[in-house]
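Source file model.cif; content: mmCIF, N, CA and C atoms.
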data_my_file
loop_
_atom_site.label_atom_id
_atom_site.label_comp_id
_atom_site.auth_asym_id
_atom_site.auth_seq_id
_atom_site.Cartn_x
_atom_site.Cartn_y
_atom_site.Cartn_z
N MET V 1008 26.25 -24.17 -10.41
CA MET V 1008 25.39 -23.31 -9.60
C MET V 1008 24.63 -24.20 -8.61
N THR V 1009 24.67 -23.81 -7.34
CA THR V 1009 23.99 -24.59 -6.31
C THR V 1009 22.97 -23.73 -5.57
N LYS V 1010 22.09 -24.39 -4.84
CA LYS V 1010 21.11 -23.66 -4.03
C LYS V 1010 21.82 -22.79 -2.99
N THR V 1011 22.90 -23.30 -2.42
CA THR V 1011 23.66 -22.53 -1.44
C THR V 1011 24.22 -21.25 -2.06
N GLU V 1012 24.75 -21.36 -3.28
CA GLU V 1012 25.28 -20.17 -3.97
C GLU V 1012 24.18 -19.13 -4.20
N ILE V 1013 23.00 -19.58 -4.59
CA ILE V 1013 21.89 -18.65 -4.85
C ILE V 1013 21.43 -18.00 -3.55
N LEU V 1014 21.33 -18.78 -2.49
CA LEU V 1014 20.93 -18.20 -1.20
C LEU V 1014 21.97 -17.19 -0.72
N ASN V 1015 23.25 -17.45 -0.98
CA ASN V 1015 24.29 -16.49 -0.63
C ASN V 1015 24.12 -15.20 -1.44
N GLN V 1016 23.79 -15.33 -2.73
CA GLN V 1016 23.56 -14.16 -3.56
C GLN V 1016 22.33 -13.38 -3.07
N GLU V 1017 21.29 -14.10 -2.70
CA GLU V 1017 20.08 -13.46 -2.15
C GLU V 1017 20.44 -12.66 -0.90
N ASN V 1018 21.24 -13.26 -0.02
CA ASN V 1018 21.63 -12.56 1.22
C ASN V 1018 22.44 -11.30 0.91
N LYS V 1019 23.32 -11.36 -0.09
CA LYS V 1019 24.07 -10.17 -0.51
C LYS V 1019 23.10 -9.10 -1.01
N LEU V 1020 22.09 -9.54 -1.78
CA LEU V 1020 21.11 -8.60 -2.33
C LEU V 1020 20.32 -7.93 -1.21
N TYR V 1021 19.86 -8.69 -0.21
CA TYR V 1021 19.12 -8.11 0.92
C TYR V 1021 19.97 -7.06 1.63
N LYS V 1022 21.25 -7.40 1.85
CA LYS V 1022 22.16 -6.48 2.55
C LYS V 1022 22.35 -5.20 1.71
N ALA V 1023 22.56 -5.36 0.42
CA ALA V 1023 22.75 -4.21 -0.47
C ALA V 1023 21.52 -3.32 -0.49
N ILE V 1024 20.33 -3.92 -0.49
CA ILE V 1024 19.08 -3.15 -0.48
C ILE V 1024 18.97 -2.36 0.82
N GLN V 1025 19.20 -3.01 1.94
CA GLN V 1025 19.06 -2.33 3.24
C GLN V 1025 20.09 -1.24 3.43
N GLU V 1026 21.28 -1.41 2.86
CA GLU V 1026 22.34 -0.42 3.03
C GLU V 1026 22.38 0.59 1.88
N SER V 1027 21.48 0.44 0.91
CA SER V 1027 21.51 1.27 -0.32
C SER V 1027 22.92 1.25 -0.91
N ASN V 1028 23.50 0.06 -0.97
CA ASN V 1028 24.87 -0.13 -1.45
C ASN V 1028 24.85 -0.23 -2.98
N ILE V 1029 25.07 0.90 -3.65
CA ILE V 1029 24.99 0.97 -5.11
C ILE V 1029 26.02 0.06 -5.77
N ALA V 1030 27.24 0.03 -5.25
CA ALA V 1030 28.29 -0.80 -5.84
C ALA V 1030 27.90 -2.28 -5.80
N MET V 1031 27.35 -2.73 -4.68
CA MET V 1031 26.95 -4.13 -4.56
C MET V 1031 25.75 -4.42 -5.46
N LEU V 1032 24.77 -3.51 -5.49
CA LEU V 1032 23.62 -3.70 -6.38
C LEU V 1032 24.09 -3.75 -7.84
N ASP V 1033 25.02 -2.89 -8.21
CA ASP V 1033 25.55 -2.87 -9.56
C ASP V 1033 26.19 -4.21 -9.92
N GLU V 1034 26.87 -4.80 -8.95
CA GLU V 1034 27.53 -6.10 -9.16
C GLU V 1034 26.51 -7.23 -9.29
N LEU V 1035 25.43 -7.18 -8.53
CA LEU V 1035 24.46 -8.27 -8.48
C LEU V 1035 23.42 -8.24 -9.60
N LEU V 1036 23.15 -7.07 -10.16
CA LEU V 1036 22.12 -6.93 -11.19
C LEU V 1036 22.75 -6.94 -12.58
N HIS V 1037 22.19 -7.71 -13.48
CA HIS V 1037 22.69 -7.78 -14.85
C HIS V 1037 22.34 -6.50 -15.61
N GLU V 1038 23.19 -6.13 -16.55
CA GLU V 1038 22.98 -4.90 -17.33
C GLU V 1038 21.63 -4.88 -18.03
N ASP V 1039 21.14 -6.04 -18.46
CA ASP V 1039 19.88 -6.13 -19.21
C ASP V 1039 18.69 -6.54 -18.33
N LEU V 1040 18.81 -6.32 -17.02
CA LEU V 1040 17.74 -6.65 -16.09
C LEU V 1040 16.41 -6.03 -16.51
N LEU V 1041 15.34 -6.82 -16.39
CA LEU V 1041 13.97 -6.32 -16.49
C LEU V 1041 13.23 -6.83 -15.27
N PHE V 1042 12.56 -5.92 -14.57
CA PHE V 1042 11.87 -6.29 -13.34
C PHE V 1042 10.52 -5.58 -13.29
N VAL V 1043 9.47 -6.33 -12.97
CA VAL V 1043 8.14 -5.73 -12.83
C VAL V 1043 7.93 -5.43 -11.34
N ILE V 1044 7.81 -4.14 -11.02
CA ILE V 1044 7.63 -3.73 -9.63
C ILE V 1044 6.14 -3.81 -9.27
N PRO V 1045 5.81 -3.74 -7.97
CA PRO V 1045 4.41 -3.92 -7.55
C PRO V 1045 3.40 -3.00 -8.24
N SER V 1046 3.82 -1.82 -8.71
CA SER V 1046 2.88 -0.93 -9.40
C SER V 1046 2.54 -1.42 -10.81
N GLY V 1047 3.31 -2.41 -11.30
CA GLY V 1047 3.11 -2.92 -12.64
C GLY V 1047 4.09 -2.36 -13.65
N GLU V 1048 4.86 -1.36 -13.23
CA GLU V 1048 5.85 -0.74 -14.11
C GLU V 1048 7.03 -1.69 -14.31
N VAL V 1049 7.56 -1.70 -15.53
CA VAL V 1049 8.77 -2.47 -15.82
C VAL V 1049 9.96 -1.54 -15.67
N ILE V 1050 10.92 -1.96 -14.85
CA ILE V 1050 12.12 -1.13 -14.63
C ILE V 1050 13.37 -1.87 -15.11
N THR V 1051 14.39 -1.08 -15.40
CA THR V 1051 15.69 -1.59 -15.81
C THR V 1051 16.66 -1.50 -14.63
N LYS V 1052 17.84 -2.02 -14.82
CA LYS V 1052 18.87 -1.92 -13.79
C LYS V 1052 19.14 -0.46 -13.45
N GLU V 1053 19.31 0.37 -14.47
CA GLU V 1053 19.65 1.77 -14.22
C GLU V 1053 18.54 2.48 -13.46
N MET V 1054 17.29 2.18 -13.79
CA MET V 1054 16.16 2.79 -13.07
C MET V 1054 16.19 2.38 -11.59
N ASP V 1055 16.47 1.10 -11.35
CA ASP V 1055 16.52 0.60 -9.97
C ASP V 1055 17.66 1.27 -9.21
N LEU V 1056 18.84 1.31 -9.81
CA LEU V 1056 19.98 1.94 -9.15
C LEU V 1056 19.72 3.42 -8.86
N GLN V 1057 19.06 4.11 -9.80
CA GLN V 1057 18.78 5.53 -9.62
C GLN V 1057 17.85 5.78 -8.43
N THR V 1058 16.93 4.87 -8.19
CA THR V 1058 16.03 5.00 -7.03
C THR V 1058 16.83 5.00 -5.73
N TYR V 1059 17.84 4.15 -5.66
CA TYR V 1059 18.70 4.11 -4.46
C TYR V 1059 19.66 5.29 -4.41
N ARG V 1060 20.26 5.64 -5.57
CA ARG V 1060 21.19 6.78 -5.62
C ARG V 1060 20.52 8.07 -5.15
N SER V 1061 19.28 8.28 -5.55
CA SER V 1061 18.56 9.52 -5.25
C SER V 1061 18.12 9.60 -3.79
N GLY V 1062 18.15 8.45 -3.11
CA GLY V 1062 17.67 8.43 -1.74
C GLY V 1062 16.16 8.37 -1.64
N ASN V 1063 15.48 8.14 -2.78
CA ASN V 1063 14.02 8.09 -2.78
C ASN V 1063 13.48 6.88 -2.01
N ILE V 1064 14.30 5.84 -1.89
CA ILE V 1064 13.85 4.67 -1.14
C ILE V 1064 14.88 4.34 -0.07
N LYS V 1065 14.35 3.98 1.09
CA LYS V 1065 15.20 3.54 2.20
C LYS V 1065 14.48 2.39 2.88
N ILE V 1066 15.12 1.23 2.89
CA ILE V 1066 14.54 0.05 3.53
C ILE V 1066 15.15 -0.09 4.92
N ASN V 1067 14.32 -0.03 5.94
CA ASN V 1067 14.78 -0.15 7.32
C ASN V 1067 14.72 -1.58 7.84
N LYS V 1068 13.78 -2.35 7.31
CA LYS V 1068 13.62 -3.74 7.75
C LYS V 1068 13.23 -4.57 6.54
N LEU V 1069 13.88 -5.73 6.39
CA LEU V 1069 13.62 -6.64 5.29
C LEU V 1069 13.68 -8.04 5.86
N VAL V 1070 12.54 -8.74 5.85
CA VAL V 1070 12.47 -10.09 6.39
C VAL V 1070 12.04 -11.05 5.29
N PRO V 1071 13.02 -11.79 4.70
CA PRO V 1071 12.70 -12.70 3.61
C PRO V 1071 12.29 -14.09 4.10
N LYS V 1072 11.45 -14.75 3.31
CA LYS V 1072 11.09 -16.14 3.56
C LYS V 1072 11.05 -16.84 2.21
N VAL V 1073 12.07 -17.66 1.94
CA VAL V 1073 12.16 -18.38 0.68
C VAL V 1073 11.07 -19.45 0.63
N GLU V 1074 10.36 -19.50 -0.49
CA GLU V 1074 9.32 -20.51 -0.69
C GLU V 1074 9.79 -21.64 -1.59
N ASN V 1075 10.37 -21.28 -2.73
CA ASN V 1075 10.85 -22.26 -3.71
C ASN V 1075 12.16 -21.79 -4.31
N LEU V 1076 13.01 -22.75 -4.65
CA LEU V 1076 14.26 -22.44 -5.33
C LEU V 1076 14.58 -23.60 -6.25
N ASN V 1077 14.54 -23.34 -7.56
CA ASN V 1077 14.84 -24.36 -8.56
C ASN V 1077 16.08 -23.95 -9.34
N ILE V 1078 16.97 -24.91 -9.55
CA ILE V 1078 18.17 -24.70 -10.37
C ILE V 1078 17.94 -25.41 -11.69
N LEU V 1079 18.09 -24.67 -12.78
CA LEU V 1079 17.89 -25.20 -14.14
C LEU V 1079 19.16 -24.91 -14.94
N GLY V 1080 20.17 -25.74 -14.78
CA GLY V 1080 21.44 -25.50 -15.47
C GLY V 1080 22.11 -24.25 -14.92
N ASP V 1081 22.25 -23.21 -15.79
CA ASP V 1081 22.90 -21.97 -15.36
C ASP V 1081 21.89 -20.89 -14.96
N LEU V 1082 20.64 -21.31 -14.69
CA LEU V 1082 19.58 -20.39 -14.29
C LEU V 1082 18.92 -20.88 -13.01
N ALA V 1083 18.66 -19.95 -12.09
CA ALA V 1083 17.95 -20.29 -10.86
C ALA V 1083 16.69 -19.44 -10.79
N VAL V 1084 15.61 -20.06 -10.34
CA VAL V 1084 14.33 -19.37 -10.15
C VAL V 1084 13.98 -19.50 -8.67
N ILE V 1085 13.76 -18.35 -8.04
CA ILE V 1085 13.43 -18.35 -6.61
C ILE V 1085 12.13 -17.58 -6.40
N THR V 1086 11.27 -18.12 -5.54
CA THR V 1086 10.09 -17.37 -5.11
C THR V 1086 10.20 -17.20 -3.61
N LEU V 1087 9.76 -16.03 -3.13
CA LEU V 1087 9.86 -15.73 -1.72
C LEU V 1087 8.89 -14.63 -1.35
N THR V 1088 8.62 -14.54 -0.06
CA THR V 1088 7.89 -13.39 0.46
C THR V 1088 8.88 -12.55 1.25
N ILE V 1089 8.66 -11.25 1.21
CA ILE V 1089 9.52 -10.34 1.96
C ILE V 1089 8.64 -9.32 2.67
N GLU V 1090 8.85 -9.21 3.97
CA GLU V 1090 8.21 -8.15 4.76
C GLU V 1090 9.15 -6.95 4.69
N LEU V 1091 8.62 -5.83 4.22
CA LEU V 1091 9.41 -4.62 4.04
C LEU V 1091 8.88 -3.48 4.89
N HIS V 1092 9.78 -2.76 5.50
CA HIS V 1092 9.46 -1.52 6.22
C HIS V 1092 10.47 -0.49 5.75
N GLY V 1093 9.97 0.69 5.40
CA GLY V 1093 10.89 1.72 4.95
C GLY V 1093 10.19 3.01 4.59
N ASN V 1094 10.86 3.79 3.76
CA ASN V 1094 10.33 5.07 3.28
C ASN V 1094 10.52 5.14 1.78
N TYR V 1095 9.49 5.60 1.08
CA TYR V 1095 9.58 5.86 -0.34
C TYR V 1095 9.08 7.27 -0.57
N LEU V 1096 9.92 8.11 -1.17
CA LEU V 1096 9.61 9.53 -1.36
C LEU V 1096 9.18 10.17 -0.04
N LYS V 1097 9.91 9.82 1.02
CA LYS V 1097 9.71 10.34 2.38
C LYS V 1097 8.39 9.91 3.03
N GLU V 1098 7.69 8.95 2.42
CA GLU V 1098 6.46 8.39 3.00
C GLU V 1098 6.78 7.02 3.58
N ALA V 1099 6.45 6.82 4.86
CA ALA V 1099 6.69 5.52 5.49
C ALA V 1099 5.76 4.47 4.88
N PHE V 1100 6.27 3.25 4.77
CA PHE V 1100 5.44 2.15 4.28
C PHE V 1100 5.83 0.86 4.98
N GLU V 1101 4.87 -0.04 5.04
CA GLU V 1101 5.08 -1.42 5.49
C GLU V 1101 4.29 -2.28 4.53
N SER V 1102 4.92 -3.31 4.01
CA SER V 1102 4.20 -4.19 3.11
C SER V 1102 4.80 -5.59 3.14
N LYS V 1103 4.00 -6.51 2.67
CA LYS V 1103 4.47 -7.87 2.47
C LYS V 1103 4.31 -8.14 0.99
N CYS V 1104 5.40 -8.57 0.36
CA CYS V 1104 5.38 -8.78 -1.09
C CYS V 1104 5.83 -10.20 -1.42
N ARG V 1105 5.34 -10.69 -2.54
CA ARG V 1105 5.83 -11.96 -3.08
C ARG V 1105 6.66 -11.62 -4.31
N TYR V 1106 7.83 -12.23 -4.38
CA TYR V 1106 8.75 -11.99 -5.49
C TYR V 1106 9.08 -13.29 -6.19
N ILE V 1107 9.34 -13.17 -7.47
CA ILE V 1107 10.02 -14.21 -8.23
C ILE V 1107 11.24 -13.53 -8.82
N ARG V 1108 12.37 -14.20 -8.71
CA ARG V 1108 13.62 -13.62 -9.20
C ARG V 1108 14.36 -14.69 -10.00
N PHE V 1109 15.01 -14.26 -11.07
CA PHE V 1109 15.76 -15.15 -11.93
C PHE V 1109 17.24 -14.78 -11.87
N TRP V 1110 18.04 -15.73 -11.42
CA TRP V 1110 19.50 -15.56 -11.33
C TRP V 1110 20.13 -16.39 -12.43
N LYS V 1111 21.10 -15.81 -13.15
CA LYS V 1111 21.79 -16.53 -14.22
C LYS V 1111 23.29 -16.44 -13.98
N GLU V 1112 23.97 -17.57 -14.28
CA GLU V 1112 25.42 -17.62 -14.10
C GLU V 1112 26.13 -17.11 -15.36
N PHE V 1113 27.06 -16.19 -15.14
CA PHE V 1113 27.90 -15.62 -16.20
C PHE V 1113 29.35 -15.81 -15.81
N PRO V 1114 30.29 -15.65 -16.75
CA PRO V 1114 31.71 -15.77 -16.39
C PRO V 1114 32.10 -14.83 -15.23
N GLU V 1115 31.46 -13.66 -15.14
CA GLU V 1115 31.80 -12.69 -14.09
C GLU V 1115 31.00 -12.90 -12.80
N GLY V 1116 30.14 -13.92 -12.77
CA GLY V 1116 29.40 -14.21 -11.56
C GLY V 1116 27.91 -14.43 -11.80
N ILE V 1117 27.20 -14.71 -10.73
CA ILE V 1117 25.76 -14.97 -10.79
C ILE V 1117 25.02 -13.64 -10.59
N LYS V 1118 24.12 -13.33 -11.53
CA LYS V 1118 23.44 -12.03 -11.51
C LYS V 1118 21.94 -12.19 -11.70
N VAL V 1119 21.19 -11.23 -11.16
CA VAL V 1119 19.74 -11.17 -11.38
C VAL V 1119 19.49 -10.67 -12.80
N VAL V 1120 18.71 -11.44 -13.57
CA VAL V 1120 18.38 -11.03 -14.93
C VAL V 1120 16.92 -10.61 -15.08
N GLY V 1121 16.09 -10.96 -14.10
CA GLY V 1121 14.68 -10.58 -14.19
C GLY V 1121 13.92 -10.99 -12.96
N GLY V 1122 12.68 -10.50 -12.91
CA GLY V 1122 11.83 -10.87 -11.80
C GLY V 1122 10.59 -10.01 -11.74
N SER V 1123 9.85 -10.20 -10.68
CA SER V 1123 8.60 -9.47 -10.48
C SER V 1123 8.25 -9.50 -9.01
N GLY V 1124 7.54 -8.48 -8.58
CA GLY V 1124 7.08 -8.41 -7.20
C GLY V 1124 5.67 -7.90 -7.12
N MET V 1125 4.91 -8.40 -6.16
CA MET V 1125 3.54 -7.91 -5.96
C MET V 1125 3.23 -7.86 -4.47
N VAL V 1126 2.45 -6.88 -4.09
CA VAL V 1126 2.04 -6.74 -2.70
C VAL V 1126 0.99 -7.81 -2.40
N ILE V 1127 1.17 -8.51 -1.28
CA ILE V 1127 0.21 -9.54 -0.88
C ILE V 1127 -0.39 -9.27 0.49
N GLY V 1128 0.05 -8.22 1.15
CA GLY V 1128 -0.54 -7.93 2.44
C GLY V 1128 0.09 -6.73 3.09
#
If you took the structure in this file and wrote it as C-alpha cells, what would it be?
Amino acid sequence: MTKTEILNQENKLYKAIQESNIAMLDELLHEDLLFVIPSGEVITKEMDLQTYRSGNIKINKLVPKVENLNILGDLAVITLTIELHGNYLKEAFESKCRYIRFWKEFPEGIKVVGGSGMVIG
C-alpha cells in the first residue's frame, strides 16, 4: 500500500460522492464500516449508501485538501479538510469539514473501514 494508491482511492471516493455513484461507493466502503458524521451520529455502510440512493443528499462541489497521510502496514490514516456545497433533504448547504478516514487493504482491494467528520467552518 502506497500513498499514491490511497490518494487514488480518495479521488475515486470524491468522484463517487459527487456523482452519487452507488456502485462505486459500495466498492470503496467496507461492509463493516463505522463512520461518525458531523451530527455525532454513527452510521454504517448501508446507512451511508441509503442516503445517496434516496437522493436525500446531493454534493455539487467538493474541494479536498489533504493534511496528513500515514501508511501503517495494511492500514492508511488520512486527515483532510473538504469544502462541500450541496443539498441535504432539499436544503442547500455550504460547509468546511475536517475528516479522518481509515483505509485498509484486503484481498479484494483497499476499502474505507472507518472515520469521522466535523464541521470547522
Would you give me, as number ranges by chain, the residues in chain V that DSSP reads as strand (DSSP E)? V: 1036-1043, 1049-1051, 1064-1079, 1082-1095, 1098-1113, 1116-1126
- Task: Go through the shown structure with the PyMOL selection byres (((chain V and resi 1076 and name CA) around 9) and name CA) and write out the matching residues as a PyMOL selection string.
- Result: chain V and resi 1010+1013-1014+1073-1075+1077-1078+1083-1087
Starting from the PyMOL selection byres (((chain V and resi 1096-1107 and name CA) around 8) and name CA), expand the selection into actual residues of this file and give them as number ranges by chain. V: 1063-1064, 1084-1095, 1108-1109, 1122-1128
Query raised in the report: When DSSP works through the backbone of this structure, what residues of chain V end up as alpha helix (DSSP H), shown as number ranges by chain?
Result: V: 1010-1026, 1029-1035, 1052-1060
May I have the selected residues written with N, CA and C atoms, as an mmCIF file, in the coordinates of the input?
data_model
loop_
_atom_site.group_PDB
_atom_site.id
_atom_site.type_symbol
_atom_site.label_atom_id
_atom_site.label_comp_id
_atom_site.auth_asym_id
_atom_site.auth_seq_id
_atom_site.Cartn_x
_atom_site.Cartn_y
_atom_site.Cartn_z
ATOM 1 N N LYS V 1010 22.090 -24.390 -4.840
ATOM 2 C CA LYS V 1010 21.110 -23.660 -4.030
ATOM 3 C C LYS V 1010 21.820 -22.790 -2.990
ATOM 4 N N THR V 1011 22.900 -23.300 -2.420
ATOM 5 C CA THR V 1011 23.660 -22.530 -1.440
ATOM 6 C C THR V 1011 24.220 -21.250 -2.060
ATOM 7 N N GLU V 1012 24.750 -21.360 -3.280
ATOM 8 C CA GLU V 1012 25.280 -20.170 -3.970
ATOM 9 C C GLU V 1012 24.180 -19.130 -4.200
ATOM 10 N N ILE V 1013 23.000 -19.580 -4.590
ATOM 11 C CA ILE V 1013 21.890 -18.650 -4.850
ATOM 12 C C ILE V 1013 21.430 -18.000 -3.550
ATOM 13 N N LEU V 1014 21.330 -18.780 -2.490
ATOM 14 C CA LEU V 1014 20.930 -18.200 -1.200
ATOM 15 C C LEU V 1014 21.970 -17.190 -0.720
ATOM 16 N N ASN V 1015 23.250 -17.450 -0.980
ATOM 17 C CA ASN V 1015 24.290 -16.490 -0.630
ATOM 18 C C ASN V 1015 24.120 -15.200 -1.440
ATOM 19 N N GLN V 1016 23.790 -15.330 -2.730
ATOM 20 C CA GLN V 1016 23.560 -14.160 -3.560
ATOM 21 C C GLN V 1016 22.330 -13.380 -3.070
ATOM 22 N N GLU V 1017 21.290 -14.100 -2.700
ATOM 23 C CA GLU V 1017 20.080 -13.460 -2.150
ATOM 24 C C GLU V 1017 20.440 -12.660 -0.900
ATOM 25 N N ASN V 1018 21.240 -13.260 -0.020
ATOM 26 C CA ASN V 1018 21.630 -12.560 1.220
ATOM 27 C C ASN V 1018 22.440 -11.300 0.910
ATOM 28 N N LYS V 1019 23.320 -11.360 -0.090
ATOM 29 C CA LYS V 1019 24.070 -10.170 -0.510
ATOM 30 C C LYS V 1019 23.100 -9.100 -1.010
ATOM 31 N N LEU V 1020 22.090 -9.540 -1.780
ATOM 32 C CA LEU V 1020 21.110 -8.600 -2.330
ATOM 33 C C LEU V 1020 20.320 -7.930 -1.210
ATOM 34 N N TYR V 1021 19.860 -8.690 -0.210
ATOM 35 C CA TYR V 1021 19.120 -8.110 0.920
ATOM 36 C C TYR V 1021 19.970 -7.060 1.630
ATOM 37 N N LYS V 1022 21.250 -7.400 1.850
ATOM 38 C CA LYS V 1022 22.160 -6.480 2.550
ATOM 39 C C LYS V 1022 22.350 -5.200 1.710
ATOM 40 N N ALA V 1023 22.560 -5.360 0.420
ATOM 41 C CA ALA V 1023 22.750 -4.210 -0.470
ATOM 42 C C ALA V 1023 21.520 -3.320 -0.490
ATOM 43 N N ILE V 1024 20.330 -3.920 -0.490
ATOM 44 C CA ILE V 1024 19.080 -3.150 -0.480
ATOM 45 C C ILE V 1024 18.970 -2.360 0.820
ATOM 46 N N GLN V 1025 19.200 -3.010 1.940
ATOM 47 C CA GLN V 1025 19.060 -2.330 3.240
ATOM 48 C C GLN V 1025 20.090 -1.240 3.430
ATOM 49 N N GLU V 1026 21.280 -1.410 2.860
ATOM 50 C CA GLU V 1026 22.340 -0.420 3.030
ATOM 51 C C GLU V 1026 22.380 0.590 1.880
ATOM 52 N N ILE V 1029 25.070 0.900 -3.650
ATOM 53 C CA ILE V 1029 24.990 0.970 -5.110
ATOM 54 C C ILE V 1029 26.020 0.060 -5.770
ATOM 55 N N ALA V 1030 27.240 0.030 -5.250
ATOM 56 C CA ALA V 1030 28.290 -0.800 -5.840
ATOM 57 C C ALA V 1030 27.900 -2.280 -5.800
ATOM 58 N N MET V 1031 27.350 -2.730 -4.680
ATOM 59 C CA MET V 1031 26.950 -4.130 -4.560
ATOM 60 C C MET V 1031 25.750 -4.420 -5.460
ATOM 61 N N LEU V 1032 24.770 -3.510 -5.490
ATOM 62 C CA LEU V 1032 23.620 -3.700 -6.380
ATOM 63 C C LEU V 1032 24.090 -3.750 -7.840
ATOM 64 N N ASP V 1033 25.020 -2.890 -8.210
ATOM 65 C CA ASP V 1033 25.550 -2.870 -9.560
ATOM 66 C C ASP V 1033 26.190 -4.210 -9.920
ATOM 67 N N GLU V 1034 26.870 -4.800 -8.950
ATOM 68 C CA GLU V 1034 27.530 -6.100 -9.160
ATOM 69 C C GLU V 1034 26.510 -7.230 -9.290
ATOM 70 N N LEU V 1035 25.430 -7.180 -8.530
ATOM 71 C CA LEU V 1035 24.460 -8.270 -8.480
ATOM 72 C C LEU V 1035 23.420 -8.240 -9.600
ATOM 73 N N LYS V 1052 17.840 -2.020 -14.820
ATOM 74 C CA LYS V 1052 18.870 -1.920 -13.790
ATOM 75 C C LYS V 1052 19.140 -0.460 -13.450
ATOM 76 N N GLU V 1053 19.310 0.370 -14.470
ATOM 77 C CA GLU V 1053 19.650 1.770 -14.220
ATOM 78 C C GLU V 1053 18.540 2.480 -13.460
ATOM 79 N N MET V 1054 17.290 2.180 -13.790
ATOM 80 C CA MET V 1054 16.160 2.790 -13.070
ATOM 81 C C MET V 1054 16.190 2.380 -11.590
ATOM 82 N N ASP V 1055 16.470 1.100 -11.350
ATOM 83 C CA ASP V 1055 16.520 0.600 -9.970
ATOM 84 C C ASP V 1055 17.660 1.270 -9.210
ATOM 85 N N LEU V 1056 18.840 1.310 -9.810
ATOM 86 C CA LEU V 1056 19.980 1.940 -9.150
ATOM 87 C C LEU V 1056 19.720 3.420 -8.860
ATOM 88 N N GLN V 1057 19.060 4.110 -9.800
ATOM 89 C CA GLN V 1057 18.780 5.530 -9.620
ATOM 90 C C GLN V 1057 17.850 5.780 -8.430
ATOM 91 N N THR V 1058 16.930 4.870 -8.190
ATOM 92 C CA THR V 1058 16.030 5.000 -7.030
ATOM 93 C C THR V 1058 16.830 5.000 -5.730
ATOM 94 N N TYR V 1059 17.840 4.150 -5.660
ATOM 95 C CA TYR V 1059 18.700 4.110 -4.460
ATOM 96 C C TYR V 1059 19.660 5.290 -4.410
ATOM 97 N N ARG V 1060 20.260 5.640 -5.570
ATOM 98 C CA ARG V 1060 21.190 6.780 -5.620
ATOM 99 C C ARG V 1060 20.520 8.070 -5.150
#
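For the pair atom N of V:Thr1051 and atom C of V:Glu1034, the separation is 14.9 Å.
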Q.
Using the chain letters and numbers from this file, what does the PyMOL selection byres ((chain V and resi 1019-1025) around 8) select? Give the answer as an MDAnalysis selection string.
A. chainID V and resid 1013:1018 1026:1032 1035 1064:1069
Subject >> Å distance separating atom C of V:Gly1116 from atom CA of V:Pro1071, one decimal place >> reply: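 Taking atom C of V:Gly1116 as the start and atom CA of V:Pro1071 as the end point, the length is 21.7 Å.
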Here atom C of V:Ser1061 and atom C of V:Val1049 stand apart by 18.2 Å
- Message: Using only N, CA and C atoms, which protein or nucleic acid residues come within 6.5 Å of V:Glu1112? Drop anything in the same chain fewer than 2 positions from it, and give the result as a PyMOL selection string.
- Response: chain V and resi 1081-1083+1110+1114-1118
